[in-house]
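Trainee: So here's data_31.pdb (PDB, C-alpha atoms and all ligand atoms).
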```
ATOM      1  CA  MET S  21     122.134  84.821  78.333  1.00  0.00           C
ATOM      2  CA  SER S  22     122.393  87.983  76.316  1.00  0.00           C
ATOM      3  CA  PHE S  23     119.415  89.984  75.177  1.00  0.00           C
ATOM      4  CA  SER S  24     119.317  92.528  72.367  1.00  0.00           C
ATOM      5  CA  LEU S  25     116.909  95.456  72.694  1.00  0.00           C
ATOM      6  CA  SER S  26     116.853  96.102  68.953  1.00  0.00           C
ATOM      7  CA  ALA S  27     116.361  92.435  68.018  1.00  0.00           C
ATOM      8  CA  ALA S  28     113.458  92.232  70.494  1.00  0.00           C
ATOM      9  CA  GLY S  29     111.874  95.496  69.338  1.00  0.00           C
ATOM     10  CA  VAL S  30     112.246  97.134  72.773  1.00  0.00           C
ATOM     11  CA  ARG S  31     111.783 100.930  72.886  1.00  0.00           C
ATOM     12  CA  VAL S  32     111.487 101.384  76.660  1.00  0.00           C
ATOM     13  CA  VAL S  33     113.397  99.654  79.461  1.00  0.00           C
ATOM     14  CA  LEU S  34     111.456  99.658  82.738  1.00  0.00           C
ATOM     15  CA  LEU S  35     113.561  98.860  85.797  1.00  0.00           C
ATOM     16  CA  ASP S  36     113.016  97.703  89.331  1.00  0.00           C
ATOM     17  CA  ILE S  37     115.493  99.158  91.865  1.00  0.00           C
ATOM     18  CA  GLU S  38     116.046  96.833  94.841  1.00  0.00           C
ATOM     19  CA  GLY S  39     118.009  93.786  93.713  1.00  0.00           C
ATOM     20  CA  THR S  40     118.086  95.055  90.108  1.00  0.00           C
ATOM     21  CA  THR S  41     119.838  98.435  89.779  1.00  0.00           C
ATOM     22  CA  THR S  42     120.816  98.583  93.443  1.00  0.00           C
ATOM     23  CA  PRO S  43     121.922  96.065  96.084  1.00  0.00           C
ATOM     24  CA  ILE S  44     119.078  95.176  98.438  1.00  0.00           C
ATOM     25  CA  ASP S  45     121.506  95.805 101.265  1.00  0.00           C
ATOM     26  CA  PHE S  46     121.712  99.507 100.350  1.00  0.00           C
ATOM     27  CA  VAL S  47     118.052  99.847 101.263  1.00  0.00           C
ATOM     28  CA  TYR S  48     118.110  97.758 104.449  1.00  0.00           C
ATOM     29  CA  GLY S  49     121.687  98.442 105.540  1.00  0.00           C
ATOM     30  CA  THR S  50     122.034 102.142 104.624  1.00  0.00           C
ATOM     31  CA  LEU S  51     118.776 103.946 103.781  1.00  0.00           C
ATOM     32  CA  PHE S  52     116.510 102.568 106.501  1.00  0.00           C
ATOM     33  CA  PRO S  53     119.037 102.971 109.353  1.00  0.00           C
ATOM     34  CA  PHE S  54     119.867 106.496 108.092  1.00  0.00           C
ATOM     35  CA  ALA S  55     116.217 107.534 108.427  1.00  0.00           C
ATOM     36  CA  ARG S  56     115.711 105.667 111.682  1.00  0.00           C
ATOM     37  CA  GLN S  57     118.618 107.367 113.426  1.00  0.00           C
ATOM     38  CA  ARG S  58     117.485 110.844 112.374  1.00  0.00           C
ATOM     39  CA  VAL S  59     113.706 110.682 112.693  1.00  0.00           C
ATOM     40  CA  GLN S  60     113.551 112.215 116.181  1.00  0.00           C
ATOM     41  CA  THR S  61     115.828 115.159 115.332  1.00  0.00           C
ATOM     42  CA  TYR S  62     114.098 115.651 112.001  1.00  0.00           C
ATOM     43  CA  LEU S  63     110.554 115.713 113.358  1.00  0.00           C
ATOM     44  CA  ASP S  64     111.568 117.978 116.246  1.00  0.00           C
ATOM     45  CA  ALA S  65     112.788 120.544 113.713  1.00  0.00           C
ATOM     46  CA  ALA S  66     110.282 120.058 110.873  1.00  0.00           C
ATOM     47  CA  ALA S  67     106.933 119.056 112.380  1.00  0.00           C
ATOM     48  CA  SER S  68     105.816 122.572 113.242  1.00  0.00           C
ATOM     49  CA  VAL S  69     107.211 124.328 110.138  1.00  0.00           C
ATOM     50  CA  ASP S  70     106.626 121.912 107.234  1.00  0.00           C
ATOM     51  CA  PRO S  71     102.920 121.406 106.442  1.00  0.00           C
ATOM     52  CA  GLU S  72     103.679 118.166 104.579  1.00  0.00           C
ATOM     53  CA  ILE S  73     105.359 116.716 107.676  1.00  0.00           C
ATOM     54  CA  GLU S  74     102.560 118.020 109.873  1.00  0.00           C
ATOM     55  CA  GLY S  75     100.101 116.208 107.598  1.00  0.00           C
ATOM     56  CA  ALA S  76     102.198 113.032 107.706  1.00  0.00           C
ATOM     57  CA  VAL S  77     102.171 113.054 111.518  1.00  0.00           C
ATOM     58  CA  GLU S  78      98.403 113.520 111.379  1.00  0.00           C
ATOM     59  CA  ASP S  79      98.105 110.532 109.001  1.00  0.00           C
ATOM     60  CA  LEU S  80     100.412 108.459 111.219  1.00  0.00           C
ATOM     61  CA  HIS S  81      98.134 109.143 114.154  1.00  0.00           C
ATOM     62  CA  LYS S  82      95.093 107.932 112.196  1.00  0.00           C
ATOM     63  CA  GLN S  83      96.944 104.849 111.029  1.00  0.00           C
ATOM     64  CA  HIS S  84      98.037 104.205 114.626  1.00  0.00           C
ATOM     65  CA  GLU S  85      94.402 104.260 115.749  1.00  0.00           C
ATOM     66  CA  GLN S  86      93.504 101.720 113.046  1.00  0.00           C
ATOM     67  CA  ASP S  87      96.408  99.439 114.028  1.00  0.00           C
ATOM     68  CA  ALA S  88      95.445  99.655 117.711  1.00  0.00           C
ATOM     69  CA  ALA S  89      91.794  98.926 116.895  1.00  0.00           C
ATOM     70  CA  ALA S  90      92.891  95.915 114.830  1.00  0.00           C
ATOM     71  CA  GLY S  91      94.765  94.555 117.868  1.00  0.00           C
ATOM     72  CA  GLN S  92      98.227  94.957 116.319  1.00  0.00           C
ATOM     73  CA  MET S  93      99.610  96.483 119.527  1.00  0.00           C
ATOM     74  CA  PRO S  94     101.680  99.442 118.269  1.00  0.00           C
ATOM     75  CA  PRO S  95     103.509 101.427 120.991  1.00  0.00           C
ATOM     76  CA  GLY S  96     101.280 103.906 122.846  1.00  0.00           C
ATOM     77  CA  TRP S  97     100.409 107.314 121.347  1.00  0.00           C
ATOM     78  CA  LEU S  98     100.092 110.376 123.582  1.00  0.00           C
ATOM     79  CA  ASP S  99      98.678 113.563 122.089  1.00  0.00           C
ATOM     80  CA  GLN S 100      98.578 115.510 125.347  1.00  0.00           C
ATOM     81  CA  PRO S 101     100.575 117.468 126.322  1.00  0.00           C
ATOM     82  CA  GLY S 102     101.234 118.740 122.774  1.00  0.00           C
ATOM     83  CA  ASP S 103     104.933 117.962 122.890  1.00  0.00           C
ATOM     84  CA  ALA S 104     104.210 114.265 123.575  1.00  0.00           C
ATOM     85  CA  ARG S 105     103.011 113.961 119.999  1.00  0.00           C
ATOM     86  CA  ILE S 106     106.451 113.861 118.366  1.00  0.00           C
ATOM     87  CA  PRO S 107     107.948 111.158 120.650  1.00  0.00           C
ATOM     88  CA  SER S 108     104.749 109.154 120.026  1.00  0.00           C
ATOM     89  CA  ALA S 109     105.172 109.547 116.266  1.00  0.00           C
ATOM     90  CA  VAL S 110     108.862 108.568 116.512  1.00  0.00           C
ATOM     91  CA  ALA S 111     108.096 105.404 118.510  1.00  0.00           C
ATOM     92  CA  TYR S 112     105.372 104.469 116.032  1.00  0.00           C
ATOM     93  CA  ILE S 113     107.656 105.119 113.023  1.00  0.00           C
ATOM     94  CA  HIS S 114     110.336 102.873 114.570  1.00  0.00           C
ATOM     95  CA  TRP S 115     107.683 100.203 115.109  1.00  0.00           C
ATOM     96  CA  LEU S 116     106.449 100.473 111.500  1.00  0.00           C
ATOM     97  CA  MET S 117     110.036 100.147 110.271  1.00  0.00           C
ATOM     98  CA  ASP S 118     110.611  97.094 112.483  1.00  0.00           C
ATOM     99  CA  CYS S 119     107.504  95.511 110.928  1.00  0.00           C
ATOM    100  CA  ASP S 120     108.721  96.521 107.420  1.00  0.00           C
ATOM    101  CA  ARG S 121     105.302  98.048 106.831  1.00  0.00           C
ATOM    102  CA  LYS S 122     104.599  99.889 103.580  1.00  0.00           C
ATOM    103  CA  SER S 123     103.005 103.050 104.928  1.00  0.00           C
ATOM    104  CA  ARG S 124     102.492 106.226 102.919  1.00  0.00           C
ATOM    105  CA  PRO S 125     103.101 108.756 105.742  1.00  0.00           C
ATOM    106  CA  LEU S 126     106.154 106.742 106.824  1.00  0.00           C
ATOM    107  CA  LYS S 127     107.495 107.034 103.274  1.00  0.00           C
ATOM    108  CA  VAL S 128     106.883 110.796 103.298  1.00  0.00           C
ATOM    109  CA  VAL S 129     108.952 111.211 106.474  1.00  0.00           C
ATOM    110  CA  GLN S 130     111.712 108.872 105.280  1.00  0.00           C
ATOM    111  CA  GLY S 131     111.842 110.604 101.901  1.00  0.00           C
ATOM    112  CA  LYS S 132     112.355 114.015 103.504  1.00  0.00           C
ATOM    113  CA  ILE S 133     115.132 112.724 105.754  1.00  0.00           C
ATOM    114  CA  TRP S 134     116.894 111.073 102.822  1.00  0.00           C
ATOM    115  CA  GLU S 135     116.504 114.248 100.772  1.00  0.00           C
ATOM    116  CA  GLN S 136     118.341 116.183 103.459  1.00  0.00           C
ATOM    117  CA  GLY S 137     121.116 113.549 103.552  1.00  0.00           C
ATOM    118  CA  TYR S 138     121.521 113.378  99.778  1.00  0.00           C
ATOM    119  CA  ARG S 139     121.623 117.149  99.435  1.00  0.00           C
ATOM    120  CA  ALA S 140     124.153 117.425 102.266  1.00  0.00           C
ATOM    121  CA  GLY S 141     126.334 114.799 100.579  1.00  0.00           C
ATOM    122  CA  THR S 142     126.149 112.385 103.522  1.00  0.00           C
ATOM    123  CA  LEU S 143     124.110 109.890 101.458  1.00  0.00           C
ATOM    124  CA  HIS S 144     124.888 108.533  97.999  1.00  0.00           C
ATOM    125  CA  GLY S 145     122.596 106.254  95.998  1.00  0.00           C
ATOM    126  CA  GLU S 146     124.268 102.949  95.293  1.00  0.00           C
ATOM    127  CA  VAL S 147     123.984 101.401  91.823  1.00  0.00           C
ATOM    128  CA  TYR S 148     125.694  98.301  90.466  1.00  0.00           C
ATOM    129  CA  PRO S 149     128.792  99.208  88.403  1.00  0.00           C
ATOM    130  CA  ASP S 150     127.237  97.983  85.135  1.00  0.00           C
ATOM    131  CA  VAL S 151     124.228 100.332  85.463  1.00  0.00           C
ATOM    132  CA  PRO S 152     125.659 103.688  84.212  1.00  0.00           C
ATOM    133  CA  SER S 153     127.291 102.130  81.145  1.00  0.00           C
ATOM    134  CA  ALA S 154     124.078 100.256  80.327  1.00  0.00           C
ATOM    135  CA  PHE S 155     122.082 103.505  80.562  1.00  0.00           C
ATOM    136  CA  ARG S 156     124.523 105.131  78.117  1.00  0.00           C
ATOM    137  CA  ARG S 157     124.481 102.151  75.747  1.00  0.00           C
ATOM    138  CA  TRP S 158     120.694 101.792  75.687  1.00  0.00           C
ATOM    139  CA  SER S 159     120.005 105.500  75.310  1.00  0.00           C
ATOM    140  CA  ALA S 160     122.612 105.856  72.527  1.00  0.00           C
ATOM    141  CA  HIS S 161     120.554 103.244  70.698  1.00  0.00           C
ATOM    142  CA  GLY S 162     117.403 105.355  71.184  1.00  0.00           C
ATOM    143  CA  ALA S 163     115.827 103.324  73.978  1.00  0.00           C
ATOM    144  CA  ARG S 164     114.281 105.269  76.829  1.00  0.00           C
ATOM    145  CA  MET S 165     114.305 104.261  80.483  1.00  0.00           C
ATOM    146  CA  GLY S 166     111.902 104.339  83.395  1.00  0.00           C
ATOM    147  CA  ILE S 167     111.757 103.103  86.965  1.00  0.00           C
ATOM    148  CA  TYR S 168     108.980 101.183  88.693  1.00  0.00           C
ATOM    149  CA  SER S 169     109.752 100.671  92.366  1.00  0.00           C
ATOM    150  CA  SER S 170     107.901 100.404  95.650  1.00  0.00           C
ATOM    151  CA  GLY S 171     110.085 103.289  96.897  1.00  0.00           C
ATOM    152  CA  SER S 172     108.386 106.670  96.427  1.00  0.00           C
ATOM    153  CA  VAL S 173     109.056 108.683  93.271  1.00  0.00           C
ATOM    154  CA  LEU S 174     110.948 111.228  95.394  1.00  0.00           C
ATOM    155  CA  ALA S 175     113.157 108.486  96.880  1.00  0.00           C
ATOM    156  CA  GLN S 176     113.825 107.106  93.383  1.00  0.00           C
ATOM    157  CA  GLN S 177     114.780 110.508  91.974  1.00  0.00           C
ATOM    158  CA  LEU S 178     117.083 111.245  94.905  1.00  0.00           C
ATOM    159  CA  LEU S 179     118.834 107.875  94.639  1.00  0.00           C
ATOM    160  CA  PHE S 180     119.642 108.353  90.950  1.00  0.00           C
ATOM    161  CA  ALA S 181     120.344 112.104  91.171  1.00  0.00           C
ATOM    162  CA  HIS S 182     122.938 111.543  93.908  1.00  0.00           C
ATOM    163  CA  SER S 183     124.263 108.161  92.824  1.00  0.00           C
ATOM    164  CA  THR S 184     127.789 106.889  93.389  1.00  0.00           C
ATOM    165  CA  ALA S 185     128.173 107.270  89.598  1.00  0.00           C
ATOM    166  CA  GLY S 186     126.904 110.860  89.533  1.00  0.00           C
ATOM    167  CA  ASP S 187     123.565 112.210  88.338  1.00  0.00           C
ATOM    168  CA  LEU S 188     121.805 109.477  86.343  1.00  0.00           C
ATOM    169  CA  THR S 189     118.396 111.192  86.205  1.00  0.00           C
ATOM    170  CA  PRO S 190     118.918 112.569  82.659  1.00  0.00           C
ATOM    171  CA  PHE S 191     118.594 108.952  81.470  1.00  0.00           C
ATOM    172  CA  LEU S 192     115.331 108.320  83.334  1.00  0.00           C
ATOM    173  CA  ARG S 193     112.261 109.606  81.580  1.00  0.00           C
ATOM    174  CA  TRP S 194     109.625 108.065  83.880  1.00  0.00           C
ATOM    175  CA  HIS S 195     109.284 107.214  87.551  1.00  0.00           C
ATOM    176  CA  PHE S 196     106.445 105.050  88.843  1.00  0.00           C
ATOM    177  CA  ASP S 197     105.751 103.958  92.401  1.00  0.00           C
ATOM    178  CA  THR S 198     102.921 101.953  93.927  1.00  0.00           C
ATOM    179  CA  SER S 199     100.494 104.841  93.408  1.00  0.00           C
ATOM    180  CA  VAL S 200      99.961 103.214  89.959  1.00  0.00           C
ATOM    181  CA  GLY S 201      99.162  99.912  91.716  1.00  0.00           C
ATOM    182  CA  ALA S 202     100.948  96.957  93.284  1.00  0.00           C
ATOM    183  CA  LYS S 203     103.962  95.440  91.556  1.00  0.00           C
ATOM    184  CA  MET S 204     102.403  91.986  91.464  1.00  0.00           C
ATOM    185  CA  GLU S 205      99.301  93.156  89.561  1.00  0.00           C
ATOM    186  CA  ALA S 206      99.043  93.125  85.770  1.00  0.00           C
ATOM    187  CA  ALA S 207      96.829  96.245  85.791  1.00  0.00           C
ATOM    188  CA  SER S 208      99.769  98.305  87.132  1.00  0.00           C
ATOM    189  CA  TYR S 209     101.866  97.478  84.068  1.00  0.00           C
ATOM    190  CA  GLN S 210      98.943  98.168  81.752  1.00  0.00           C
ATOM    191  CA  HIS S 211      98.591 101.573  83.390  1.00  0.00           C
ATOM    192  CA  ILE S 212     102.333 102.245  82.946  1.00  0.00           C
ATOM    193  CA  ALA S 213     102.173 101.251  79.250  1.00  0.00           C
ATOM    194  CA  ASP S 214      99.200 103.619  78.787  1.00  0.00           C
ATOM    195  CA  THR S 215     101.025 106.456  80.546  1.00  0.00           C
ATOM    196  CA  ILE S 216     104.355 106.151  78.718  1.00  0.00           C
ATOM    197  CA  PRO S 217     102.681 105.596  76.120  1.00  0.00           C
ATOM    198  CA  ALA S 218     104.104 102.546  74.354  1.00  0.00           C
ATOM    199  CA  SER S 219     102.727  99.259  73.229  1.00  0.00           C
ATOM    200  CA  PRO S 220     103.291  96.747  76.050  1.00  0.00           C
ATOM    201  CA  SER S 221     105.397  94.512  73.795  1.00  0.00           C
ATOM    202  CA  ALA S 222     107.836  97.400  73.188  1.00  0.00           C
ATOM    203  CA  ILE S 223     108.536  97.633  76.932  1.00  0.00           C
ATOM    204  CA  LEU S 224     111.099  95.414  78.660  1.00  0.00           C
ATOM    205  CA  PHE S 225     110.679  95.070  82.436  1.00  0.00           C
ATOM    206  CA  ILE S 226     113.717  93.882  84.424  1.00  0.00           C
ATOM    207  CA  SER S 227     113.282  92.762  88.047  1.00  0.00           C
ATOM    208  CA  ASP S 228     114.702  90.273  90.559  1.00  0.00           C
ATOM    209  CA  VAL S 229     111.220  89.093  91.620  1.00  0.00           C
ATOM    210  CA  ALA S 230     109.425  86.488  89.480  1.00  0.00           C
ATOM    211  CA  GLY S 231     105.965  87.502  90.737  1.00  0.00           C
ATOM    212  CA  GLU S 232     106.485  91.021  89.354  1.00  0.00           C
ATOM    213  CA  LEU S 233     107.621  89.618  86.010  1.00  0.00           C
ATOM    214  CA  ALA S 234     104.565  87.366  85.877  1.00  0.00           C
ATOM    215  CA  ALA S 235     102.312  90.405  86.343  1.00  0.00           C
ATOM    216  CA  ALA S 236     104.226  92.381  83.706  1.00  0.00           C
ATOM    217  CA  ALA S 237     104.107  89.447  81.269  1.00  0.00           C
ATOM    218  CA  ALA S 238     100.354  89.131  81.817  1.00  0.00           C
ATOM    219  CA  ALA S 239     100.049  92.761  80.671  1.00  0.00           C
ATOM    220  CA  GLY S 240     102.060  91.911  77.539  1.00  0.00           C
ATOM    221  CA  LEU S 241     105.448  93.362  78.528  1.00  0.00           C
ATOM    222  CA  GLN S 242     108.712  91.591  77.755  1.00  0.00           C
ATOM    223  CA  THR S 243     110.614  90.477  80.866  1.00  0.00           C
ATOM    224  CA  LEU S 244     114.059  89.547  82.179  1.00  0.00           C
ATOM    225  CA  LEU S 245     114.834  88.094  85.609  1.00  0.00           C
ATOM    226  CA  CYS S 246     117.861  89.846  87.098  1.00  0.00           C
ATOM    227  CA  VAL S 247     119.801  87.523  89.394  1.00  0.00           C
ATOM    228  CA  ARG S 248     122.672  89.446  90.924  1.00  0.00           C
ATOM    229  CA  GLN S 249     125.512  87.184  92.098  1.00  0.00           C
ATOM    230  CA  SER S 250     125.918  89.203  95.306  1.00  0.00           C
ATOM    231  CA  GLU S 251     122.256  88.695  96.184  1.00  0.00           C
ATOM    232  CA  GLU S 252     122.472  84.954  95.420  1.00  0.00           C
ATOM    233  CA  ARG S 253     125.244  84.596  97.980  1.00  0.00           C
ATOM    234  CA  SER S 254     123.485  86.776 100.509  1.00  0.00           C
ATOM    235  CA  ALA S 255     121.998  85.022 103.503  1.00  0.00           C
ATOM    236  CA  ARG S 256     119.109  87.463 103.514  1.00  0.00           C
ATOM    237  CA  PRO S 257     115.894  85.516 103.124  1.00  0.00           C
ATOM    238  CA  GLU S 258     113.954  88.138 101.205  1.00  0.00           C
ATOM    239  CA  PRO S 259     112.684  89.169  98.839  1.00  0.00           C
ATOM    240  CA  SER S 260     111.963  85.674  97.720  1.00  0.00           C
ATOM    241  CA  ARG S 261     112.217  85.384  93.958  1.00  0.00           C
ATOM    242  CA  GLY S 262     109.278  83.102  94.343  1.00  0.00           C
ATOM    243  CA  ALA S 263     107.985  80.118  92.519  1.00  0.00           C
ATOM    244  CA  GLY S 264     107.980  80.201  88.755  1.00  0.00           C
ATOM    245  CA  SER S 265     111.297  82.046  88.341  1.00  0.00           C
ATOM    246  CA  GLY S 266     112.299  79.360  85.799  1.00  0.00           C
ATOM    247  CA  ARG S 267     109.749  80.827  83.390  1.00  0.00           C
ATOM    248  CA  PHE S 268     111.826  83.921  82.682  1.00  0.00           C
ATOM    249  CA  PRO S 269     115.101  84.469  80.840  1.00  0.00           C
ATOM    250  CA  VAL S 270     117.843  85.293  83.349  1.00  0.00           C
ATOM    251  CA  ILE S 271     120.558  87.948  83.303  1.00  0.00           C
ATOM    252  CA  HIS S 272     123.206  88.438  85.978  1.00  0.00           C
ATOM    253  CA  THR S 273     124.323  91.922  84.968  1.00  0.00           C
ATOM    254  CA  PHE S 274     123.068  94.701  82.655  1.00  0.00           C
ATOM    255  CA  ASP S 275     126.166  93.952  80.529  1.00  0.00           C
ATOM    256  CA  ASP S 276     124.022  91.056  79.218  1.00  0.00           C
ATOM    257  CA  VAL S 277     121.491  93.527  77.760  1.00  0.00           C
ATOM    258  CA  LEU S 278     122.825  94.797  74.460  1.00  0.00           C
ATOM    259  CA  ALA S 279     121.503  97.707  72.446  1.00  0.00           C
TER     260      ALA S 279
HETATM  261 MG    MG U   1     113.468  94.116  93.420  1.00  0.00          MG
END
```
Can you give me the file's structure in the form of structure tokens?

Mentor:
Amino acid sequence: MSFSLSAAGVRVVLLDIEGTTTPIDFVYGTLFPFARQRVQTYLDAAASVDPEIEGAVEDLHKQHEQDAAAGQMPPGWLDQPGDARIPSAVAYIHWLMDCDRKSRPLKVVQGKIWEQGYRAGTLHGEVYPDVPSAFRRWSAHGARMGIYSSGSVLAQQLLFAHSTAGDLTPFLRWHFDTSVGAKMEAASYQHIADTIPASPSAILFISDVAGELAAAAAAGLQTLLCVRQSEERSARPEPSRGAGSGRFPVIHTFDDVLA
């Protein structure tokens, strides 16, 4: 289908990243392995000099104690001698990544490692080829754009600042992560509409996950389900688009979203 922002009265386009602006495989096949391979070296160098990393290691330790108490069997954590702490944190971080756990201190560490890679030019944020032209088209029409992703705001900004198509951050006025609430909850979208601020019906949310669209629609936002052909063919089981995806108008590329 094709969708017209002006015909629908859309002033703000709110975008998901994984599976919408960016192949899911970039996250699982590039970003996560990049952080995983460098976490030991990074913590060795940064843990004693960067207070934010020191705090993240502290938080990881607390989270480890909770996981152990809950019988989740994370790898062991040694705090003594002092230099056993970093290998313990590394093993726990690898374990959290294997479990695909959404953990705030894990995201802090990953974000810092990615930042280093992006700034060094060894990492580039992948976007689908139709994304930069859509940003130009929509913004020329006066629409403004924002991101709502489970990746941290820092990770979002880095991805778009160092994208394969250059710096796309001038197009992005807002960045939201799960600190505003979960993506499957209507209250999160209400909060975003209040923050922007725009009336919910003037905001179009585009995502590849029907459950997120259902939450956005419940808050009064307009919605489009983005079904990328590459993801349809992919054997990867997740994220499941979920039941109810037939409720939402479908686009396959941002070329379908006219100004
Ligand atoms: Mg997604």

Trainee: Considering only C-alpha atoms, state which residue in the set S:His182, S:Arg156, S:Arg121, S:His161 is at the smallest distance from Asp275 in chain S.

Mentor: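 Going through S:His182, S:Arg156, S:Arg121, S:His161 one by one, the smallest distance to Asp275 in chain S is for S:Arg156.
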
Trainee: Work out how far apart CA of Ala28 in chain S and CA of Pro220 in chain S are and give it in Å to one decimal.

Mentor: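 If I compute the distance from CA of Ala28 in chain S to CA of Pro220 in chain S, I get 12.4 Å.
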
Trainee: Run the PyMOL selection byres (((not hetatm)) within 7 of (chain U and resi 1)) mentally over the shown coordinates, then write out the matched residues as a list in words, using the chain letters and numbers from the document.

Mentor: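 This file gives the following for the PyMOL selection byres (((not hetatm)) within 7 of (chain U and resi 1)): Asp36, Ile37, Glu38, Gly39, Thr40, Ser227, Asp228 and Val229 of chain S.
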
Trainee: Starting from the shown file, work through the PyMOL selection byres (((chain S and resi 25) around 12) and not hetatm) and note down what comes out as number ranges by chain.

Mentor: S: 22-24, 26-33, 154, 157-164, 221-225, 242-244, 274, 276-279

Trainee: Given the file shown, determine the residues that the PyMOL selection byres (((chain S and resi 168) around 12) and not hetatm) selects; report them as a PyMOL selection string.

Mentor: chain S and resi 33-38+40-41+165-167+169-173+175-177+192-204+208-209+211-213+224-227+232-233+236

Trainee: Ranking S:Leu188, S:Ala76, S:Ala111, S:Ala88 by minimum distance to Leu126 in chain S and counting only C-alpha atoms, which one comes first?

Mentor: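 Under the stated criterion, the closest residue is S:Ala76.
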
Trainee: Return the single residue from S:Leu179, S:Ile133, S:Ala140, S:Val59 that is closest to Ala109 in chain S, with distances computed using all atoms listed in the file.

Mentor: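 For Ala109 in chain S, the nearest of the given residues is S:Val59.
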
Trainee: Can you work out which one of S:Asp187, S:Asp79, S:Asp214, S:Asp45 has the shortest atom-to-atom distance to Lys127 in chain S, counting only C-alpha atoms?

Mentor: S:Asp79

Trainee: Report, in Å to a single decimal, how far apart CA of Ser108 in chain S and CA of Ala55 in chain S are.

Mentor: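 One can read the CA of Ala55 in chain S to CA of Ser108 in chain S distance as 16.4 Å.
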
Trainee: Separation of CA of Arg248 in chain S and CA of Thr273 in chain S, in Å?

Mentor: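 Taking CA of Arg248 in chain S and CA of Thr273 in chain S, their separation equals 6.7 Å.
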
Trainee: Pick the closest to Gly186 in chain S from S:Cys246, S:Ala237, S:Val147, S:Ala218: which is it, counting all atoms listed in the file?

Mentor: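 The shortest atom-to-atom distance to Gly186 in chain S comes from S:Val147.
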
Trainee: Looking at all atoms listed in the file, which of S:Leu116, S:Ala104, S:Met93, S:Ala206 is the one that sits closest to Leu80 in chain S?

Mentor: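 For Leu80 in chain S, the nearest of the candidates is S:Leu116.
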
Trainee: Is it possible to produce a file of range 33-44 of chain S from this structure, with N, CA, C and O atoms, as a compact mmCIF listing (two decimals), in the first residue's frame?

Mentor:
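As a result, selection.txt now contains:
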```txt
# COMPACT_ATOMS: atom_id res chain seq x y z
N VAL S 33 6.80 11.44 12.50
CA VAL S 33 6.95 10.01 12.21
C VAL S 33 7.86 9.42 13.28
O VAL S 33 9.01 9.85 13.44
N LEU S 34 7.32 8.46 14.02
CA LEU S 34 8.06 7.79 15.10
C LEU S 34 8.45 6.41 14.59
O LEU S 34 7.59 5.66 14.11
N LEU S 35 9.75 6.08 14.71
CA LEU S 35 10.24 4.86 14.06
C LEU S 35 10.89 3.90 15.04
O LEU S 35 11.69 4.30 15.91
N ASP S 36 10.58 2.64 14.86
CA ASP S 36 11.32 1.55 15.48
C ASP S 36 12.62 1.37 14.68
O ASP S 36 12.72 1.82 13.53
N ILE S 37 13.63 0.74 15.27
CA ILE S 37 14.88 0.51 14.53
C ILE S 37 14.94 -0.91 13.98
O ILE S 37 14.85 -1.12 12.77
N GLU S 38 15.07 -1.89 14.89
CA GLU S 38 15.31 -3.28 14.45
C GLU S 38 14.16 -3.81 13.60
O GLU S 38 13.04 -3.92 14.08
N GLY S 39 14.45 -4.15 12.36
CA GLY S 39 13.42 -4.70 11.48
C GLY S 39 12.62 -3.61 10.78
O GLY S 39 11.75 -3.91 9.97
N THR S 40 12.93 -2.33 11.09
CA THR S 40 12.18 -1.22 10.49
C THR S 40 13.11 -0.29 9.71
O THR S 40 12.99 -0.17 8.50
N THR S 41 14.04 0.38 10.43
CA THR S 41 15.04 1.19 9.70
C THR S 41 16.27 0.36 9.38
O THR S 41 17.06 0.74 8.51
N THR S 42 16.45 -0.73 10.12
CA THR S 42 17.73 -1.44 10.15
C THR S 42 17.49 -2.95 10.17
O THR S 42 16.61 -3.41 10.91
N PRO S 43 18.26 -3.72 9.36
CA PRO S 43 18.07 -5.17 9.40
C PRO S 43 18.31 -5.71 10.81
O PRO S 43 19.25 -5.29 11.49
N ILE S 44 17.46 -6.64 11.23
CA ILE S 44 17.63 -7.26 12.54
C ILE S 44 19.01 -7.90 12.63
O ILE S 44 19.65 -7.90 13.67
```
